[in-house]
Amino acid sequence: MSLPPITVSALDAVRLEKLLERQAAQGLADISGLENELARAHIVEPENMPPDVVTMRSQVCFEILPEGKTFELTLCYPDEMNGSREQISILAPIGSAILGLSVGQEISWPTPAGTQLRVRVKALSWQPERAGMLLM
């Protein structure tokens with residue numbers, strides 16, 4: 001399966017690049033997946049973000065395939081994580097996988113265990129850009 005096209009806001013891209021620089025300097029996490037995603041992303045200004053694309057701080061409903069297990073989580077920066085089960089870090093494999101996907105798209109993504117995970121975005125219940133929060 002080829003990688004689907006993804007869209008990332010310019011604001012998210014700048015913040016994520018800074019996050020990746022800090023992570024690389026500290027050697028804390030495997031950041032190659034997120035680096036690769038940013039490198040292939042179509043970057044748009046926040047006000048031009050399509051309303052059905054997963055951006056940082058979006059509340060996204062996605063399913064793991066083929067099991068069909070569904071989750072609704074908010075995609076967060078690591079420093080925003082508060083232990084809630086309703087959040088997922090951008091540094092988690094699934095967080096990096098869903099960034100920039102549109103509703104209906106799916107992607108296969110490697111897990112830390114070396115297997116492939118397939119995920120499909122089902123819906124976005126909230127997106128900052130769609131809500132007019134362009135500098136959030």
# chains A, B, ... in the order shown; residues from 1 in each chain; ligands from 1
>>> residues_around(residues="segment 113-116 of chain A", least_positions_apart="6", cutoff="12 Å", atoms="only C-alpha atoms", output="VMD selection string")
chain A and resid 1 64 to 66 93 to 94 97 107
>>> residues_around(residues="Ser96 of chain A", least_positions_apart="4", cutoff="10 Å", atoms="only C-alpha atoms", output="MDAnalysis selection string")
chainID A and resid 31:38 75 88:92 100 109
>>> select_by_dssp(residues="segment 7-40 of chain A", states="alpha helix (DSSP H)", output="list in words")
Ala10, Leu11, Asp12, Ala13, Val14, Arg15, Leu16, Glu17, Lys18, Leu19, Leu20, Glu21, Arg22, Gln23, Ala24, Ala25, Gln26, Ser32, Gly33, Leu34, Glu35, Asn36, Glu37, Leu38, Ala39 and Arg40 of chain A
>>> write_last_selection(atoms="C-alpha atoms", output="PDB file, in the first residue's frame")
ATOM      1  CA  ALA A  10       2.557  25.687   8.411  1.00  0.00           C
ATOM      2  CA  LEU A  11       2.132  26.469  12.116  1.00  0.00           C
ATOM      3  CA  ASP A  12       2.080  22.776  13.081  1.00  0.00           C
ATOM      4  CA  ALA A  13       5.064  22.089  10.800  1.00  0.00           C
ATOM      5  CA  VAL A  14       7.203  24.760  12.500  1.00  0.00           C
ATOM      6  CA  ARG A  15       6.249  23.563  15.985  1.00  0.00           C
ATOM      7  CA  LEU A  16       6.842  19.919  15.076  1.00  0.00           C
ATOM      8  CA  GLU A  17      10.255  20.679  13.546  1.00  0.00           C
ATOM      9  CA  LYS A  18      11.264  22.370  16.825  1.00  0.00           C
ATOM     10  CA  LEU A  19       9.946  19.379  18.777  1.00  0.00           C
ATOM     11  CA  LEU A  20      11.954  17.009  16.574  1.00  0.00           C
ATOM     12  CA  GLU A  21      15.110  19.083  17.102  1.00  0.00           C
ATOM     13  CA  ARG A  22      14.652  18.875  20.901  1.00  0.00           C
ATOM     14  CA  GLN A  23      13.936  15.139  20.760  1.00  0.00           C
ATOM     15  CA  ALA A  24      16.994  14.489  18.565  1.00  0.00           C
ATOM     16  CA  ALA A  25      19.230  16.533  20.866  1.00  0.00           C
ATOM     17  CA  GLN A  26      18.012  14.577  23.890  1.00  0.00           C
ATOM     18  CA  SER A  32      12.086   8.965  12.117  1.00  0.00           C
ATOM     19  CA  GLY A  33       8.414   8.277  11.333  1.00  0.00           C
ATOM     20  CA  LEU A  34       7.342  11.816  12.157  1.00  0.00           C
ATOM     21  CA  GLU A  35      10.344  13.257  10.306  1.00  0.00           C
ATOM     22  CA  ASN A  36       9.406  11.276   7.196  1.00  0.00           C
ATOM     23  CA  GLU A  37       5.784  12.385   7.410  1.00  0.00           C
ATOM     24  CA  LEU A  38       6.732  16.060   7.645  1.00  0.00           C
ATOM     25  CA  ALA A  39       9.150  15.699   4.741  1.00  0.00           C
ATOM     26  CA  ARG A  40       6.409  14.413   2.429  1.00  0.00           C
TER      27      ARG A  40
END
>>> closest_residue(among="A:His42, A:Ala131, A:Ser125, A:Ile98", to="Gln59 of chain A", atoms="only C-alpha atoms")
A:Ser125
>>> closest_residue(among="A:Ala123, A:Ser102, A:Ser2, A:Gln87", to="Thr70 of chain A", atoms="only C-alpha atoms")
A:Ala123
>>> residues_around(residues="Pro46 of chain A", least_positions_apart="5", cutoff="10 Å", atoms="only C-alpha atoms", output="list in words")
Val8, Ser9, Ala10, Leu11, Asp12, Thr55, Pro128, Glu129, Arg130, Gly132, Met133, Leu134, Leu135 and Met136 of chain A
>>> write_last_selection(atoms="N, CA and C atoms", output="mmCIF file, in the first residue's frame")
data_model
loop_
_atom_site.group_PDB
_atom_site.id
_atom_site.type_symbol
_atom_site.label_atom_id
_atom_site.label_comp_id
_atom_site.auth_asym_id
_atom_site.auth_seq_id
_atom_site.Cartn_x
_atom_site.Cartn_y
_atom_site.Cartn_z
ATOM 1 N N VAL A 8 -0.356 19.320 6.207
ATOM 2 C CA VAL A 8 0.010 19.799 7.536
ATOM 3 C C VAL A 8 0.019 21.325 7.489
ATOM 4 N N SER A 9 -0.479 21.941 8.556
ATOM 5 C CA SER A 9 -0.471 23.406 8.582
ATOM 6 C C SER A 9 0.954 23.915 8.798
ATOM 7 N N ALA A 10 1.231 25.083 8.261
ATOM 8 C CA ALA A 10 2.557 25.687 8.411
ATOM 9 C C ALA A 10 2.894 25.888 9.889
ATOM 10 N N LEU A 11 1.908 26.269 10.684
ATOM 11 C CA LEU A 11 2.132 26.469 12.116
ATOM 12 C C LEU A 11 2.503 25.153 12.802
ATOM 13 N N ASP A 12 1.761 24.088 12.511
ATOM 14 C CA ASP A 12 2.080 22.776 13.081
ATOM 15 C C ASP A 12 3.457 22.312 12.613
ATOM 16 N N THR A 55 -5.200 17.692 12.233
ATOM 17 C CA THR A 55 -4.134 18.617 12.597
ATOM 18 C C THR A 55 -3.834 18.444 14.081
ATOM 19 N N PRO A 128 -8.948 22.606 15.299
ATOM 20 C CA PRO A 128 -8.722 24.016 15.672
ATOM 21 C C PRO A 128 -8.914 24.985 14.498
ATOM 22 N N GLU A 129 -8.365 24.630 13.346
ATOM 23 C CA GLU A 129 -8.453 25.528 12.189
ATOM 24 C C GLU A 129 -9.904 25.727 11.756
ATOM 25 N N ARG A 130 -10.678 24.655 11.762
ATOM 26 C CA ARG A 130 -12.091 24.734 11.383
ATOM 27 C C ARG A 130 -12.860 25.612 12.382
ATOM 28 N N GLY A 132 -11.659 28.184 13.779
ATOM 29 C CA GLY A 132 -11.160 29.546 13.697
ATOM 30 C C GLY A 132 -9.991 29.841 14.620
ATOM 31 N N MET A 133 -9.439 28.819 15.239
ATOM 32 C CA MET A 133 -8.308 28.984 16.154
ATOM 33 C C MET A 133 -7.024 28.799 15.363
ATOM 34 N N LEU A 134 -6.613 29.837 14.657
ATOM 35 C CA LEU A 134 -5.526 29.713 13.698
ATOM 36 C C LEU A 134 -4.143 29.906 14.315
ATOM 37 N N LEU A 135 -4.065 30.440 15.513
ATOM 38 C CA LEU A 135 -2.759 30.673 16.159
ATOM 39 C C LEU A 135 -2.593 29.813 17.393
ATOM 40 N N MET A 136 -3.448 28.883 17.605
ATOM 41 C CA MET A 136 -3.463 28.053 18.805
ATOM 42 C C MET A 136 -2.205 27.242 18.955
#
>>> atom_distance(atom1="atom CA of Ala41 of chain A", atom2="atom CA of Glu72 of chain A")
23.3 Å
>>> select_by_dssp(residues="segment 2-136 of chain A", states="strand (DSSP E or B)", output="ChimeraX atom specification")
/A:7-9,42-44,53,59-65,69-76,87-89,102,106-110,116-126
>>> atom_distance(atom1="atom CA of Gln105 of chain A", atom2="atom CA of Val119 of chain A")
8.5 Å
>>> decode(residues="segment 71-113 of chain A", atoms="C-alpha atoms", output="short mmCIF file (atom, residue, chain, number, x, y, z; two decimals), in the first residue's frame")
data_model
loop_
_atom_site.label_atom_id
_atom_site.label_comp_id
_atom_site.auth_asym_id
_atom_site.auth_seq_id
_atom_site.Cartn_x
_atom_site.Cartn_y
_atom_site.Cartn_z
CA PHE A 71 -10.88 5.27 19.20
CA GLU A 72 -11.67 8.98 19.58
CA LEU A 73 -8.63 10.88 20.79
CA THR A 74 -7.09 14.36 20.73
CA LEU A 75 -3.73 14.58 18.94
CA CYS A 76 -1.38 16.40 21.34
CA TYR A 77 2.13 17.71 21.70
CA PRO A 78 4.03 15.76 24.40
CA ASP A 79 3.98 18.69 26.86
CA GLU A 80 0.16 18.80 26.62
CA MET A 81 -0.29 15.21 27.73
CA ASN A 82 -2.01 15.06 31.11
CA GLY A 83 -2.53 11.31 31.51
CA SER A 84 -6.01 11.37 30.00
CA ARG A 85 -7.04 8.29 28.05
CA GLU A 86 -8.61 10.67 25.52
CA GLN A 87 -5.24 11.95 24.28
CA ILE A 88 -2.52 10.64 22.02
CA SER A 89 0.94 12.10 21.60
CA ILE A 90 2.25 13.05 18.19
CA LEU A 91 5.36 11.05 19.17
CA ALA A 92 3.33 7.83 19.54
CA PRO A 93 3.39 5.72 16.36
CA ILE A 94 -0.35 6.10 15.84
CA GLY A 95 -0.13 9.87 16.47
CA SER A 96 2.47 10.31 13.74
CA ALA A 97 0.45 8.03 11.46
CA ILE A 98 -2.79 10.02 11.60
CA LEU A 99 -1.28 13.52 11.30
CA GLY A 100 -2.33 15.12 8.03
CA LEU A 101 -4.75 12.39 6.96
CA SER A 102 -8.21 13.31 5.70
CA VAL A 103 -11.42 11.62 6.77
CA GLY A 104 -11.67 8.31 4.90
CA GLN A 105 -7.93 7.91 4.32
CA GLU A 106 -5.95 5.02 5.75
CA ILE A 107 -2.27 4.27 6.26
CA SER A 108 -0.11 1.33 7.26
CA TRP A 109 2.39 2.22 9.95
CA PRO A 110 5.18 0.31 11.71
CA THR A 111 4.75 -0.39 15.41
CA PRO A 112 7.59 -0.52 17.96
CA ALA A 113 7.15 -4.32 17.93
#
